[in-house]
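Trainee: One structure is given below, represented as structure tokens, and several questions about it will come after.
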Amino acid sequence: MKKLKTTTIIFLVLCASALAEAKAVADVASNLEVLDIKMEPIRKGRNVVRVKVHNSSDEDQVFYIDIRTESSTGNWQTQFTHTIKGGETKWIRRAYKINGIIAGGTRIRLRFYAAGSATSADGQAPNQYFKEAEYYAGDLQHARPDDSKPEAASEGQRRTIAEVLRQFQNCVRNNDYEEAWQFFSQDFREAESMGKLSNFQRAMETPYFLFPLSRAEVLALEPKSAGAREGVLALTTALKDERWMVNFVRVGNRWCIDWLDRIDAAPRKEIPLDPDAQEQAVRNAFGQWQDSIRGGQYKTAWELFANGLRRSREYENDFQKFAKKMGSNGSMVKAISISLRPESVTGLRLGEFATLNTTYSTRSFKIDFVMEDGKWKICNIRMVRDDNGGSWQERLLPKMRKRVTEHFDIFCYKGSTADKEIEKIAEQRERGFREICTFLGKDSDVRIRMILFEDGATKYSETGHQGAGWAFGNTVVEIYNEKQKLDPYHETTHVLMRPYGSPPALFNEGLAVYMSERLGAHALDAMGGGESSVYERVRELRSKNQWIPLEELLTYTEIGSGKTNPPVAYPEAASFVKFLVETYGKERFLKAYGTLRNSDDKATQQQNVTALKGIYGKSLRELKNEWQGAFPDLG
């Protein structure tokens, strides 16, 4: 493996002592034996491992290598398959990836599987491995950085690799991903796309899925200068105000893309390589980040995120997405971000990596920093799990006040708004429970555990769940304060309907909103609809051309995430449920609720359409026309 920014001196390190037989698989029979494992010195990004395997049988055997890496900034895992001929001893070379900064606890795990003879194997990896090897970065040799400058490439070399990049971009532009795949070296395919064309194609169709750049950014790379070193040609490209290095190696008679990496976009500023100075620089960077968020200076905060975090699936390198998350009213992420209390700095690697330990409420958060563009920048924010391994409920509930009713166990913090209004809450929830059962025509002996938090930031920090309400199993979690109180029926409906089936989100969420309105609540208040009725709201949305086709809405497996457009999807779903119940009766609706299945499988979704016609005697198009007639357009 050759990479411009790292050493080209390869040291093959024998770590036989790290081989560990897993007790759970000690009895797995295998004609294959792993004789040796050699790890090249490890580095951020692409790495290489070599495995020596022997087949003791006379028949060809199928051999699987499963490689997994784990770091604080992301995991990576895939499987490679090989055929080992009868009696053969063979060295196998595979490339893999370590995401983000390498710390002492960065883990590399290898598992080896035998699938039997090549003629009888069914193509499925066995579920038991016969050997496991585990390594930690702190015990391995690290590749030395190569800071020397490459020689300038000739103009002819620059034109050659610039043309290769252009041809690759044209393939991506034309959605010819199979041809684009041929422009990668084998090492790049394995480390960056796990050896699978499907992963590369998905990366181009889904922003920031297992690839350094999105499709739009790949197409926007603009060739600039070129350099050369020991068989590698490196093309510097421009992407807005960033610079990206595209490395090329010769494979047969063509140049192939062998690596893709961002270069520092600004000259490094000198920070003294002194632990105290470095720790203070980390603390200063965190303070600047908090101050910029607190003051609404989101561009400054964004620039204090490392490249990897900006390009994560959470933000997709979209500043506006970050600014919207931080600037929205009641943003839990913002509330927690500006309230984190910095404590100790640990894991400091001078000029490379550090972790700032912080706290919020009763929870601990770790803020990981990397040195990028001469500055300490945030590369990861993570909540620390409880050391005792217990769930958040086991940790919190003993500290909370508990009010027991006929059907509810209600928990809240002492002195909270919910605590002050606990009797009112108990009466509302019991009344709602009884009225929902009356609608269903059937009593229930379900007990509901209800946990109320004073604000969204505390709820998120304690549970990891975002949103005002959350129902799972027989548990309901909600925010409850003077300004924010969910209606007492929505989440209870979800719990009581669970035994009736698992239909598409249109029926599940639609019924919860409809029941809230039916029982007297402003069902759409928390969804942007204020005090409007369901029909009033959908009439308004339709007049503004804010609409989701019913055929599409019926395929949604959930409603609530940003991609489902909740302010539109919730009232639409509720209005369709209202139409079905009040036009054709609740018996047919409950039959549909129990018959239709929530699935993103196209065949199941088509079966839902067919089942709906069988229950109501009318096609989806006919039902849609009748439904829309129930709330005629304004004017």
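Going by the structure tokens order, chains are called A, B, ..., each with residues numbered from 1, while ligands are numbered from 1 in the order shown.
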Got a sec: who's within 12 Å of Ala335 (chain A), counting only C-alpha atoms, leaving out chain neighbours fewer than 6 positions off, as a short mmCIF file (atom, residue, chain, number, x, y, z; two decimals) with N, CA and C atoms, in the first residue's frame?
Mentor:
```cif
data_model
loop_
_atom_site.label_atom_id
_atom_site.label_comp_id
_atom_site.auth_asym_id
_atom_site.auth_seq_id
_atom_site.Cartn_x
_atom_site.Cartn_y
_atom_site.Cartn_z
N GLN A 290 -18.83 26.99 22.63
CA GLN A 290 -20.03 27.27 23.43
C GLN A 290 -20.45 28.74 23.30
N ILE A 293 -22.17 29.46 19.96
CA ILE A 293 -23.55 28.95 19.91
C ILE A 293 -24.45 29.83 20.76
N ARG A 294 -23.96 30.17 21.95
CA ARG A 294 -24.75 31.00 22.87
C ARG A 294 -25.07 32.35 22.24
N LYS A 325 -30.60 23.35 13.34
CA LYS A 325 -30.68 22.53 14.56
C LYS A 325 -30.35 23.37 15.79
N MET A 326 -29.34 24.21 15.68
CA MET A 326 -28.93 25.02 16.82
C MET A 326 -29.87 26.20 17.05
N GLY A 327 -30.46 26.73 15.99
CA GLY A 327 -31.26 27.93 16.10
C GLY A 327 -32.73 27.72 16.34
N SER A 328 -33.20 26.48 16.25
CA SER A 328 -34.64 26.23 16.42
C SER A 328 -35.05 26.46 17.87
N ASN A 329 -36.27 26.92 18.05
CA ASN A 329 -36.80 27.15 19.39
C ASN A 329 -36.87 25.83 20.16
N TYR A 360 -23.52 17.22 32.19
CA TYR A 360 -24.78 17.97 32.11
C TYR A 360 -25.79 17.22 32.95
N SER A 361 -26.42 17.91 33.88
CA SER A 361 -27.36 17.25 34.79
C SER A 361 -26.61 16.11 35.48
N ASP A 455 -37.89 19.26 30.85
CA ASP A 455 -37.53 19.88 29.57
C ASP A 455 -36.90 18.85 28.65
N GLY A 456 -36.84 19.23 27.36
CA GLY A 456 -36.32 18.31 26.36
C GLY A 456 -34.85 18.02 26.51
N ALA A 457 -34.07 19.01 26.96
CA ALA A 457 -32.64 18.79 27.11
C ALA A 457 -32.35 17.73 28.17
N THR A 458 -33.07 17.80 29.30
CA THR A 458 -32.87 16.80 30.34
C THR A 458 -33.33 15.43 29.86
N LYS A 459 -34.48 15.41 29.19
CA LYS A 459 -34.99 14.14 28.66
C LYS A 459 -33.98 13.50 27.71
N TYR A 460 -33.43 14.31 26.82
CA TYR A 460 -32.47 13.79 25.85
C TYR A 460 -31.19 13.32 26.53
N SER A 461 -30.68 14.12 27.47
CA SER A 461 -29.43 13.75 28.13
C SER A 461 -29.57 12.49 28.96
#
```
Trainee: Set the distance at 9 Å and use only C-alpha atoms: which residues neighbour Arg158 (chain A) once local chain neighbours fewer than 6 positions away are removed? I'd like the list as a compact mmCIF listing (two decimals) with C-alpha atoms, in the first residue's frame.
Mentor:
```txt
# COMPACT_ATOMS: atom_id res chain seq x y z
CA PRO A 223 -7.83 19.51 -10.70
CA LYS A 224 -4.93 21.78 -9.74
CA SER A 225 -1.28 20.79 -9.21
CA ALA A 226 0.25 17.30 -9.18
CA GLY A 227 3.13 15.64 -7.33
CA LEU A 233 0.92 10.40 -8.50
CA ALA A 234 -1.03 12.82 -6.33
CA LEU A 235 -3.47 15.30 -7.80
```
Trainee: Within 8 Å of region 408-421 of chain A, counting only C-alpha atoms, which residues qualify if same-chain residues fewer than 5 places away don't, as JSON, numbers by chain?
Mentor: {"A": [397, 399, 400, 401, 402, 403, 426, 429, 430, 447, 448, 449, 450, 451, 452, 453, 454, 480, 481, 482]}
Trainee: Could you write out that same residue set with C-alpha atoms as a short mmCIF file (atom, residue, chain, number, x, y, z; two decimals), in the first residue's frame?
Mentor:
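Listed below is the output, out_20.cif:
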```cif
data_model
loop_
_atom_site.label_atom_id
_atom_site.label_comp_id
_atom_site.auth_asym_id
_atom_site.auth_seq_id
_atom_site.Cartn_x
_atom_site.Cartn_y
_atom_site.Cartn_z
CA LEU A 397 -36.73 5.96 38.68
CA LYS A 399 -34.75 9.02 42.53
CA MET A 400 -38.12 10.24 41.21
CA ARG A 401 -41.52 10.74 42.84
CA LYS A 402 -44.01 7.98 42.01
CA ARG A 403 -47.80 8.41 41.82
CA ALA A 426 -53.37 11.45 37.20
CA ARG A 429 -54.61 10.15 32.17
CA GLU A 430 -57.12 7.85 33.84
CA ARG A 447 -50.38 -0.82 33.32
CA ILE A 448 -48.58 2.14 31.79
CA ARG A 449 -45.34 3.50 33.17
CA MET A 450 -45.28 7.26 32.54
CA ILE A 451 -42.06 9.25 33.01
CA LEU A 452 -42.26 13.04 32.83
CA PHE A 453 -39.25 15.34 32.32
CA GLU A 454 -39.22 19.08 32.90
CA TYR A 480 -44.14 18.40 30.88
CA ASN A 481 -43.73 22.05 31.86
CA GLU A 482 -45.72 25.29 31.88
#
```
Trainee: Go through region 130-277 of chain A and collect every residue that DSSP, computed from the backbone, puts in helix (DSSP H, G or I); the answer should be as a ChimeraX atom specification.
Mentor: /A:137-139,155-173,177-181,186-193,197-205,215-220,275-277
Trainee: Any chance you can output those residues with N, CA and C atoms as a short mmCIF file (atom, residue, chain, number, x, y, z; two decimals), in the first residue's frame?
Mentor:
```cif
data_model
loop_
_atom_site.label_atom_id
_atom_site.label_comp_id
_atom_site.auth_asym_id
_atom_site.auth_seq_id
_atom_site.Cartn_x
_atom_site.Cartn_y
_atom_site.Cartn_z
N ALA A 137 -4.58 -0.49 19.44
CA ALA A 137 -3.60 0.39 18.80
C ALA A 137 -2.42 0.71 19.72
N GLY A 138 -2.69 0.75 21.02
CA GLY A 138 -1.61 1.05 21.95
C GLY A 138 -0.52 0.00 21.98
N ASP A 139 -0.82 -1.21 21.49
CA ASP A 139 0.15 -2.30 21.50
C ASP A 139 0.80 -2.52 20.14
N GLU A 155 4.07 17.99 -16.53
CA GLU A 155 2.78 18.45 -17.04
C GLU A 155 2.03 17.31 -17.71
N GLY A 156 2.78 16.42 -18.37
CA GLY A 156 2.15 15.27 -19.00
C GLY A 156 1.50 14.36 -17.97
N GLN A 157 2.19 14.12 -16.84
CA GLN A 157 1.62 13.29 -15.76
C GLN A 157 0.38 13.96 -15.17
N ARG A 158 0.47 15.28 -14.97
CA ARG A 158 -0.69 16.00 -14.42
C ARG A 158 -1.90 15.88 -15.33
N ARG A 159 -1.68 16.06 -16.64
CA ARG A 159 -2.79 15.96 -17.59
C ARG A 159 -3.37 14.55 -17.61
N THR A 160 -2.49 13.55 -17.47
CA THR A 160 -2.95 12.15 -17.52
C THR A 160 -3.90 11.83 -16.36
N ILE A 161 -3.48 12.17 -15.13
CA ILE A 161 -4.33 11.81 -13.99
C ILE A 161 -5.53 12.75 -13.89
N ALA A 162 -5.40 13.99 -14.37
CA ALA A 162 -6.56 14.89 -14.41
C ALA A 162 -7.61 14.34 -15.36
N GLU A 163 -7.16 13.75 -16.47
CA GLU A 163 -8.10 13.14 -17.42
C GLU A 163 -8.76 11.90 -16.82
N VAL A 164 -7.99 11.10 -16.05
CA VAL A 164 -8.58 9.94 -15.38
C VAL A 164 -9.67 10.39 -14.41
N LEU A 165 -9.38 11.46 -13.65
CA LEU A 165 -10.39 11.98 -12.74
C LEU A 165 -11.62 12.45 -13.50
N ARG A 166 -11.42 13.14 -14.62
CA ARG A 166 -12.54 13.62 -15.43
C ARG A 166 -13.40 12.46 -15.92
N GLN A 167 -12.76 11.38 -16.41
CA GLN A 167 -13.51 10.22 -16.89
C GLN A 167 -14.30 9.57 -15.75
N PHE A 168 -13.66 9.48 -14.58
CA PHE A 168 -14.35 8.95 -13.40
C PHE A 168 -15.58 9.80 -13.07
N GLN A 169 -15.41 11.12 -13.06
CA GLN A 169 -16.52 12.02 -12.77
C GLN A 169 -17.65 11.86 -13.78
N ASN A 170 -17.31 11.67 -15.04
CA ASN A 170 -18.35 11.48 -16.07
C ASN A 170 -19.16 10.21 -15.81
N CYS A 171 -18.48 9.15 -15.37
CA CYS A 171 -19.20 7.92 -15.05
C CYS A 171 -20.19 8.15 -13.91
N VAL A 172 -19.74 8.87 -12.87
CA VAL A 172 -20.62 9.19 -11.75
C VAL A 172 -21.76 10.07 -12.21
N ARG A 173 -21.45 11.08 -13.03
CA ARG A 173 -22.48 12.00 -13.53
C ARG A 173 -23.56 11.24 -14.31
N TYR A 177 -22.19 3.55 -12.27
CA TYR A 177 -21.35 3.26 -11.11
C TYR A 177 -20.49 2.02 -11.31
N GLU A 178 -20.96 1.08 -12.10
CA GLU A 178 -20.16 -0.12 -12.35
C GLU A 178 -18.88 0.25 -13.08
N GLU A 179 -18.97 1.15 -14.06
CA GLU A 179 -17.78 1.59 -14.77
C GLU A 179 -16.90 2.47 -13.87
N ALA A 180 -17.54 3.33 -13.05
CA ALA A 180 -16.78 4.17 -12.12
C ALA A 180 -15.98 3.33 -11.14
N TRP A 181 -16.55 2.19 -10.73
CA TRP A 181 -15.90 1.28 -9.79
C TRP A 181 -14.56 0.79 -10.32
N GLN A 186 -7.71 -1.95 -5.92
CA GLN A 186 -8.33 -2.96 -5.06
C GLN A 186 -8.29 -2.53 -3.60
N ASP A 187 -7.17 -1.95 -3.16
CA ASP A 187 -7.07 -1.50 -1.78
C ASP A 187 -8.11 -0.43 -1.47
N PHE A 188 -8.31 0.50 -2.39
CA PHE A 188 -9.30 1.56 -2.16
C PHE A 188 -10.70 0.96 -2.08
N ARG A 189 -11.01 0.02 -2.95
CA ARG A 189 -12.33 -0.62 -2.91
C ARG A 189 -12.58 -1.28 -1.56
N GLU A 190 -11.57 -1.98 -1.07
CA GLU A 190 -11.75 -2.72 0.17
C GLU A 190 -11.88 -1.79 1.37
N ALA A 191 -10.99 -0.82 1.49
CA ALA A 191 -10.98 0.03 2.67
C ALA A 191 -12.09 1.07 2.66
N GLU A 192 -12.39 1.63 1.50
CA GLU A 192 -13.34 2.74 1.46
C GLU A 192 -14.77 2.28 1.22
N SER A 193 -14.96 1.16 0.52
CA SER A 193 -16.33 0.69 0.22
C SER A 193 -16.54 -0.75 0.64
N LEU A 197 -19.30 -3.03 -4.63
CA LEU A 197 -19.80 -2.01 -5.56
C LEU A 197 -21.09 -1.40 -5.04
N SER A 198 -21.94 -2.22 -4.43
CA SER A 198 -23.24 -1.73 -3.93
C SER A 198 -23.05 -0.64 -2.88
N ASN A 199 -21.99 -0.75 -2.07
CA ASN A 199 -21.72 0.28 -1.06
C ASN A 199 -21.33 1.60 -1.72
N PHE A 200 -20.48 1.51 -2.76
CA PHE A 200 -20.09 2.73 -3.46
C PHE A 200 -21.31 3.38 -4.13
N GLN A 201 -22.14 2.57 -4.77
CA GLN A 201 -23.33 3.12 -5.42
C GLN A 201 -24.25 3.76 -4.41
N ARG A 202 -24.43 3.10 -3.27
CA ARG A 202 -25.29 3.68 -2.24
C ARG A 202 -24.71 4.99 -1.72
N ALA A 203 -23.37 5.04 -1.62
CA ALA A 203 -22.72 6.27 -1.15
C ALA A 203 -22.99 7.43 -2.10
N MET A 204 -23.03 7.14 -3.40
CA MET A 204 -23.30 8.19 -4.36
C MET A 204 -24.78 8.61 -4.38
N GLU A 205 -25.64 7.72 -3.93
CA GLU A 205 -27.07 8.02 -3.93
C GLU A 205 -27.56 8.51 -2.58
N ARG A 215 -21.87 12.70 -3.81
CA ARG A 215 -21.87 12.69 -5.28
C ARG A 215 -21.62 14.09 -5.83
N ALA A 216 -22.32 15.08 -5.27
CA ALA A 216 -22.16 16.45 -5.76
C ALA A 216 -20.73 16.93 -5.57
N GLU A 217 -20.09 16.56 -4.47
CA GLU A 217 -18.72 16.99 -4.21
C GLU A 217 -17.72 16.27 -5.11
N VAL A 218 -17.98 14.99 -5.39
CA VAL A 218 -17.12 14.26 -6.34
C VAL A 218 -17.13 14.97 -7.68
N LEU A 219 -18.30 15.38 -8.12
CA LEU A 219 -18.41 16.04 -9.42
C LEU A 219 -17.81 17.44 -9.42
N ALA A 220 -17.69 18.05 -8.23
CA ALA A 220 -17.19 19.43 -8.14
C ALA A 220 -15.69 19.52 -7.98
N PRO A 275 2.13 19.74 27.35
CA PRO A 275 0.81 19.23 27.77
C PRO A 275 -0.09 20.29 28.37
N ASP A 276 0.42 21.16 29.20
CA ASP A 276 -0.42 22.18 29.81
C ASP A 276 -0.96 23.15 28.76
N ALA A 277 -0.07 23.57 27.83
CA ALA A 277 -0.50 24.50 26.78
C ALA A 277 -1.53 23.84 25.86
#
```
Trainee: Counting only C-alpha atoms, what is within 7 Å of Lys44 (chain A), bar same-chain residues fewer than 4 positions away, as an MDAnalysis selection string?
Mentor: chainID A and resid 98:102
Trainee: Could you list, as number ranges by chain, every residue within 10 Å of region 56-68 of chain A, counting only C-alpha atoms and ignoring same-chain residues fewer than 6 positions away?
Mentor: A: 30-33, 49, 75-89, 92, 94-98, 107-121, 123, 125-126, 129, 132-134, 194
Trainee: Hey, can you spit out that residue selection with N, CA and C atoms as a CSV table (one decimal), in the first residue's frame?
Mentor:
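And here's part35.csv as it stands now:
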```csv
chain,number,residue,atom,x,y,z
A,30,SER,N,-12.5,-27.5,11.8
A,30,SER,CA,-12.1,-26.8,10.6
A,30,SER,C,-10.9,-27.5,10.0
A,31,ASN,N,-10.9,-27.6,8.7
A,31,ASN,CA,-9.8,-28.1,8.0
A,31,ASN,C,-8.8,-27.0,7.7
A,32,LEU,N,-9.1,-25.8,8.1
A,32,LEU,CA,-8.3,-24.6,7.9
A,32,LEU,C,-7.6,-24.2,9.2
A,33,GLU,N,-6.4,-23.7,9.0
A,33,GLU,CA,-5.6,-23.3,10.2
A,33,GLU,C,-4.9,-22.0,9.8
A,49,VAL,N,-3.6,-5.9,6.4
A,49,VAL,CA,-3.2,-7.1,7.2
A,49,VAL,C,-2.9,-8.2,6.3
A,75,ASN,N,-17.0,3.0,13.7
A,75,ASN,CA,-16.6,1.6,13.5
A,75,ASN,C,-16.6,1.3,12.0
A,76,TRP,N,-15.9,0.2,11.7
A,76,TRP,CA,-15.9,-0.3,10.3
A,76,TRP,C,-15.8,-1.8,10.3
A,77,GLN,N,-16.6,-2.5,9.5
A,77,GLN,CA,-16.6,-3.9,9.5
A,77,GLN,C,-17.0,-4.5,8.2
A,78,THR,N,-16.3,-5.5,7.7
A,78,THR,CA,-16.8,-6.3,6.5
A,78,THR,C,-16.1,-7.6,6.5
A,79,GLN,N,-16.6,-8.5,5.6
A,79,GLN,CA,-16.1,-9.8,5.4
A,79,GLN,C,-15.5,-10.0,4.0
A,80,PHE,N,-14.4,-10.8,4.0
A,80,PHE,CA,-13.8,-11.1,2.7
A,80,PHE,C,-13.8,-12.7,2.6
A,81,THR,N,-14.0,-13.2,1.4
A,81,THR,CA,-14.1,-14.6,1.2
A,81,THR,C,-13.0,-15.1,0.3
A,82,HIS,N,-12.5,-16.3,0.5
A,82,HIS,CA,-11.4,-16.9,-0.3
A,82,HIS,C,-11.7,-18.4,-0.5
A,83,THR,N,-11.1,-18.9,-1.5
A,83,THR,CA,-11.1,-20.4,-1.7
A,83,THR,C,-9.7,-20.8,-1.6
A,84,ILE,N,-9.4,-21.7,-0.6
A,84,ILE,CA,-8.1,-22.3,-0.3
A,84,ILE,C,-8.1,-23.7,-0.9
A,85,LYS,N,-7.2,-23.9,-1.9
A,85,LYS,CA,-7.1,-25.2,-2.5
A,85,LYS,C,-6.6,-26.3,-1.6
A,86,GLY,N,-7.0,-27.5,-1.9
A,86,GLY,CA,-6.6,-28.7,-1.1
A,86,GLY,C,-5.1,-28.7,-0.9
A,87,GLY,N,-4.7,-28.8,0.4
A,87,GLY,CA,-3.3,-28.9,0.7
A,87,GLY,C,-2.5,-27.6,0.6
A,88,GLU,N,-3.2,-26.5,0.3
A,88,GLU,CA,-2.5,-25.3,0.0
A,88,GLU,C,-2.2,-24.5,1.3
A,89,THR,N,-1.0,-23.8,1.3
A,89,THR,CA,-0.7,-22.8,2.3
A,89,THR,C,-0.6,-21.5,1.6
A,92,ILE,N,-2.7,-14.3,2.5
A,92,ILE,CA,-3.8,-13.5,2.0
A,92,ILE,C,-3.6,-12.0,2.4
A,94,ARG,N,-5.3,-8.2,2.8
A,94,ARG,CA,-6.5,-7.4,2.7
A,94,ARG,C,-6.3,-6.0,3.3
A,95,ALA,N,-7.0,-5.1,2.7
A,95,ALA,CA,-7.0,-3.7,3.2
A,95,ALA,C,-8.2,-3.5,4.0
A,96,TYR,N,-8.1,-2.6,5.0
A,96,TYR,CA,-9.2,-2.3,5.9
A,96,TYR,C,-9.1,-0.9,6.3
A,97,LYS,N,-10.0,-0.3,7.0
A,97,LYS,CA,-10.0,1.1,7.4
A,97,LYS,C,-10.2,1.3,8.9
A,98,ILE,N,-9.5,2.3,9.4
A,98,ILE,CA,-9.7,2.8,10.8
A,98,ILE,C,-10.2,4.2,10.6
A,107,ARG,N,-9.6,-0.5,18.6
A,107,ARG,CA,-9.5,-1.9,18.5
A,107,ARG,C,-9.6,-2.5,17.1
A,108,ILE,N,-8.9,-3.5,16.8
A,108,ILE,CA,-8.9,-4.2,15.6
A,108,ILE,C,-9.2,-5.7,15.9
A,109,ARG,N,-10.3,-6.2,15.3
A,109,ARG,CA,-10.6,-7.6,15.6
A,109,ARG,C,-10.7,-8.4,14.3
A,110,LEU,N,-10.1,-9.5,14.3
A,110,LEU,CA,-10.2,-10.4,13.1
A,110,LEU,C,-10.8,-11.7,13.6
A,111,ARG,N,-11.8,-12.2,12.8
A,111,ARG,CA,-12.4,-13.5,13.0
A,111,ARG,C,-12.3,-14.3,11.7
A,112,PHE,N,-12.1,-15.6,11.9
A,112,PHE,CA,-11.8,-16.5,10.8
A,112,PHE,C,-12.9,-17.6,10.8
A,113,TYR,N,-13.5,-17.8,9.7
A,113,TYR,CA,-14.6,-18.8,9.5
A,113,TYR,C,-14.3,-19.8,8.4
A,114,ALA,N,-14.7,-21.0,8.6
A,114,ALA,CA,-14.6,-22.0,7.6
A,114,ALA,C,-16.0,-22.4,7.1
A,115,ALA,N,-16.2,-22.3,5.8
A,115,ALA,CA,-17.6,-22.6,5.3
A,115,ALA,C,-17.7,-24.0,4.7
A,116,GLY,N,-16.6,-24.8,4.8
A,116,GLY,CA,-16.6,-26.2,4.3
A,116,GLY,C,-16.1,-26.2,2.9
A,117,SER,N,-16.3,-27.3,2.2
A,117,SER,CA,-15.7,-27.4,0.9
A,117,SER,C,-16.3,-26.5,-0.1
A,118,ALA,N,-15.5,-26.1,-1.1
A,118,ALA,CA,-16.0,-25.1,-2.1
A,118,ALA,C,-17.2,-25.7,-2.9
A,119,THR,N,-17.2,-27.0,-3.1
A,119,THR,CA,-18.3,-27.5,-3.9
A,119,THR,C,-19.6,-27.6,-3.1
A,120,SER,N,-19.6,-27.7,-1.8
A,120,SER,CA,-20.8,-27.9,-1.0
A,120,SER,C,-21.2,-26.6,-0.3
A,121,ALA,N,-20.3,-25.6,-0.3
A,121,ALA,CA,-20.7,-24.3,0.4
A,121,ALA,C,-21.9,-23.7,-0.3
A,123,GLY,N,-22.7,-20.4,0.0
A,123,GLY,CA,-22.5,-19.0,-0.2
A,123,GLY,C,-22.8,-18.2,1.1
A,125,ALA,N,-22.0,-17.2,5.0
A,125,ALA,CA,-21.0,-17.4,6.0
A,125,ALA,C,-21.5,-18.2,7.2
A,126,PRO,N,-20.7,-19.1,7.8
A,126,PRO,CA,-21.1,-19.8,9.0
A,126,PRO,C,-21.2,-18.8,10.1
A,129,TYR,N,-17.0,-18.8,14.3
A,129,TYR,CA,-15.6,-18.7,13.8
A,129,TYR,C,-14.7,-19.7,14.6
A,132,GLU,N,-10.0,-16.3,16.6
A,132,GLU,CA,-10.2,-14.8,16.7
A,132,GLU,C,-8.9,-14.2,17.1
A,133,ALA,N,-8.6,-13.0,16.5
A,133,ALA,CA,-7.4,-12.3,16.9
A,133,ALA,C,-7.8,-10.8,17.2
A,134,GLU,N,-7.3,-10.3,18.3
A,134,GLU,CA,-7.7,-9.0,18.8
A,134,GLU,C,-6.5,-8.1,19.1
A,194,MET,N,-15.6,-1.3,1.5
A,194,MET,CA,-15.8,-2.6,2.0
A,194,MET,C,-15.8,-3.7,0.9
```
Trainee: Run DSSP on the backbone of this structure and report the residues of region 169-365 of chain A it assigns to strand (DSSP E or B), as a compact mmCIF listing (two decimals) with C-alpha atoms, in the first residue's frame.
Mentor:
```
# COMPACT_ATOMS: atom_id res chain seq x y z
CA PHE A 184 -10.45 2.35 -8.03
CA GLU A 222 -11.36 20.71 -9.78
CA PRO A 223 -7.83 19.51 -10.70
CA LYS A 224 -4.93 21.78 -9.74
CA SER A 225 -1.28 20.79 -9.21
CA ALA A 226 0.25 17.30 -9.18
CA GLY A 227 3.13 15.64 -7.33
CA ALA A 228 4.98 12.32 -7.55
CA ARG A 229 6.64 9.98 -5.08
CA VAL A 232 2.29 7.39 -6.64
CA LEU A 233 0.92 10.40 -8.50
CA ALA A 234 -1.03 12.82 -6.33
CA LEU A 235 -3.47 15.30 -7.80
CA THR A 236 -4.38 18.31 -5.64
CA THR A 237 -7.98 19.33 -6.30
CA ALA A 238 -10.08 22.27 -5.19
CA LEU A 239 -13.51 21.94 -3.63
CA GLU A 242 -11.00 23.13 0.61
CA ARG A 243 -8.20 21.14 -0.97
CA TRP A 244 -8.44 17.37 -1.52
CA MET A 245 -5.62 15.04 -2.53
CA VAL A 246 -6.47 12.25 -4.97
CA ASN A 247 -3.70 9.62 -5.13
CA PHE A 248 -3.25 7.44 -8.21
CA VAL A 249 -1.30 4.20 -8.62
CA ARG A 250 -0.54 2.21 -11.75
CA VAL A 251 -2.61 -0.98 -12.01
CA ARG A 254 -4.09 2.24 -16.31
CA TRP A 255 -3.94 4.74 -13.46
CA CYS A 256 -6.42 4.04 -10.64
CA ILE A 257 -7.60 6.12 -7.71
CA ASP A 258 -5.82 4.74 -4.66
CA TRP A 259 -6.77 7.25 -1.94
CA LEU A 260 -8.82 10.37 -1.35
CA ASP A 261 -8.07 12.67 1.55
CA ARG A 262 -8.59 16.26 2.62
CA ILE A 263 -5.48 18.42 3.02
CA PHE A 305 -16.24 21.14 13.91
CA ARG A 341 -19.56 21.83 32.17
CA PRO A 342 -15.92 21.11 31.19
CA GLU A 343 -13.91 19.01 33.62
CA SER A 344 -10.75 17.02 32.87
CA VAL A 345 -8.80 16.55 29.61
CA THR A 346 -7.71 12.96 29.00
CA GLY A 347 -6.19 10.86 26.22
CA LEU A 348 -4.03 13.79 25.11
CA ARG A 349 -1.73 13.06 22.18
CA PHE A 353 -6.03 14.06 19.74
CA ALA A 354 -7.62 14.88 23.10
CA THR A 355 -10.85 14.20 24.99
CA LEU A 356 -12.59 16.81 27.14
CA ASN A 357 -14.79 15.23 29.81
CA THR A 358 -17.93 17.26 30.52
CA THR A 359 -21.16 16.89 32.50
CA TYR A 360 -24.78 17.97 32.11
CA ARG A 363 -24.92 12.61 32.74
CA SER A 364 -21.37 12.63 31.45
CA PHE A 365 -20.40 13.57 27.90
```
Trainee: Measure the distance from CA of Arg311 (chain A) to CA of Lys375 (chain A) in Å and round it to one decimal.
Mentor: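 So the two atoms, CA of Arg311 (chain A) and CA of Lys375 (chain A), lie 17.9 Å apart.
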Trainee: Please provide the set of residues having any atom within 12 Å of Asn565 (chain A), restricted to only C-alpha atoms, with same-chain residues fewer than 6 positions apart removed, written as a PyMOL selection string.
Mentor: chain A and resi 527-528+546-548+553+556+558-559+571-573
Trainee: Keeping only C-alpha atoms, write the selected residues to a file as a compact mmCIF listing (two decimals), in the first residue's frame.
Mentor:
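Okay, part34.txt is ready:
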```txt
# COMPACT_ATOMS: atom_id res chain seq x y z
CA MET A 527 -47.36 19.77 15.34
CA GLY A 528 -47.72 23.33 14.11
CA GLN A 546 -48.28 21.45 1.05
CA TRP A 547 -49.36 17.90 0.49
CA ILE A 548 -48.19 14.29 0.50
CA LEU A 553 -48.16 8.42 2.84
CA TYR A 556 -44.36 5.54 5.45
CA GLU A 558 -42.83 6.12 10.66
CA ILE A 559 -43.99 9.70 10.98
CA PRO A 571 -52.75 15.98 10.10
CA GLU A 572 -53.09 14.18 6.77
CA ALA A 573 -52.90 10.77 8.45
```
